[in-house]
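**Q** Here it is, the structure in full.
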Amino acid sequence: MSPRRSAAEAQVTRGRILDRAAAIASEEGLDGITIGRLAEELEMSKSGVHKHFGTKEMLQISTLDKAFVDFWHRVVEPALAEPPGLRRLRAVCANSVDYLEAPLLPGGCLMTAALSEYDSRPGRVRDAVAEVWARWQGQLRADLASAVEKGELAAGFDIDQAMFEIIAAGLALNAAMQLHHDQSAAGRARQAIERALHQP
């Protein structure tokens, strides 16, 4: 077997492991994934899973990273076709609501689940959770700032308050969809985001 083919097959196997890990973590939390469980469910040896990640902690971080990359591809990247400012911001927010309304994972947004699971637990996994949330917040802040700079939002617009309300709408939407299967929640989230962009 050529080294190139071997590396490609290793990437496919790693992808299978992370796909299953993300599905489990979305429903049971990052603590719900273990090397042994994944080996059993994927009909692999423990050593076969272990060689891709080394430790449970690295498996958890890699799973979170995979979920965030998928989120970014679905929510942010399509919006980058819009010019910086209010149009891009609205596209990003609309995509985020769509993502939460029809999530890629059975348990909803893994980033949100991980935030609740690790917000008060020190360590590398918590640091990874904080990093992905910082990247998402950074995107919102940049789009809000561009809209203010272009005069699309008022000069005295409170960016921090708007960010807080947009993120809160997403958290509430995820909870409503997962806990109550509330089909009206997406509309409420969209309305909340629009209100955040129309500060008095």
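Scheme for the structure tokens: letters A, B, ... for chains in order shown; per-chain residue numbers from 1; ligand numbers from 1 in order shown.
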When DSSP works through the backbone of this structure, what residues of region 100-131 of chain A end up as alpha helix (DSSP H), shown as a list of chain:residue names?

**A** A:Leu100, A:Glu101, A:Leu110, A:Met111, A:Thr112, A:Ala113, A:Ala114, A:Leu115, A:Ser116, A:Glu117, A:Tyr118, A:Arg124, A:Val125, A:Arg126, A:Asp127, A:Ala128, A:Val129, A:Ala130, A:Glu131

**Q** I'd like the neighbourhood of Ala168 (chain A) as a list of chain:residue names, where a residue qualifies if any of its atoms comes within 12 Å (using only C-alpha atoms), though same-chain residues fewer than 3 positions away should be ignored.

**A**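 Everything that qualifies: A:Val97, A:Thr112, A:Gln137, A:Gln161, A:Ala162, A:Met163, A:Phe164, A:Glu165, A:Leu171, A:Ala172, A:Leu173, A:Asn174, A:Ala175, A:Arg188, A:Ala189, A:Arg190, A:Ala192, A:Ile193, A:Ala196.
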
**Q** Excluding same-chain residues fewer than 6 positions from Leu18 (chain A), what lies within 9 Å of it counting only C-alpha atoms, as a PDB file with C-alpha atoms, in the first residue's frame?

**A**
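Saved file result_2.pdb follows:
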```
ATOM      1  CA  LEU A  59     -10.744  12.862  21.349  1.00  0.00           C
ATOM      2  CA  SER A  62     -11.057  16.902  18.206  1.00  0.00           C
ATOM      3  CA  THR A  63     -14.791  16.162  18.319  1.00  0.00           C
ATOM      4  CA  LYS A  66     -15.019  18.901  14.009  1.00  0.00           C
ATOM      5  CA  ALA A  67     -18.447  20.158  15.103  1.00  0.00           C
TER       6      ALA A  67
END
```

**Q** Which residues are close to Leu115 (chain A), i.e. within 10 Å by only C-alpha atoms, leaving aside same-chain residues fewer than 4 positions away? Reply as a ChimeraX atom specification.

**A** /A:29,110-111,119-120,126,129-130,132-133

**Q** How many Å lie between CA of Ala81 (chain A) and CA of Val148 (chain A), rounded to one decimal?

**A**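 So the two atoms, CA of Ala81 (chain A) and CA of Val148 (chain A), lie 19.3 Å apart.
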
**Q** Residues at most 12 Å from Asn95 (chain A), counting only C-alpha atoms, excluding those fewer than 6 positions away in the same chain, as a list in words?

**A**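 Those residues are Phe71, Trp72, His73, Arg74, Val75, Val76, Glu77, Pro78, Ala79, Leu80, Arg88, Leu89, Glu101, Ala102, Pro103, Gly170, Ala186, Ala189 and Arg190 of chain A.
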
**Q** Any idea what the distance is between CA of Ala23 (chain A) and CA of Pro106 (chain A)?

**A**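 Computed distance, CA of Ala23 (chain A) to CA of Pro106 (chain A), equals 6.2 Å.
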
**Q** What is the distance between CA of Ala176 (chain A) and CA of Ser96 (chain A), in Å to one decimal?

**A**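 Separation between CA of Ala176 (chain A) and CA of Ser96 (chain A): 14.8 Å.
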
**Q** In terms of the shortest atom-to-atom distance over only C-alpha atoms, which of A:Glu82, A:Asp160, A:Glu9, A:Glu117 is closest to Glu28 (chain A)?

**A**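 Ranking A:Glu82, A:Asp160, A:Glu9, A:Glu117 by distance to Glu28 (chain A), first place goes to A:Glu117.
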
**Q** So which one's closest to Thr34 (chain A), A:Gln11, A:Gln60, A:Ser47, A:Gln139? Using only C-alpha atoms, please.

**A**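 Comparing A:Gln11, A:Gln60, A:Ser47, A:Gln139 against Thr34 (chain A), the winner is A:Gln60.
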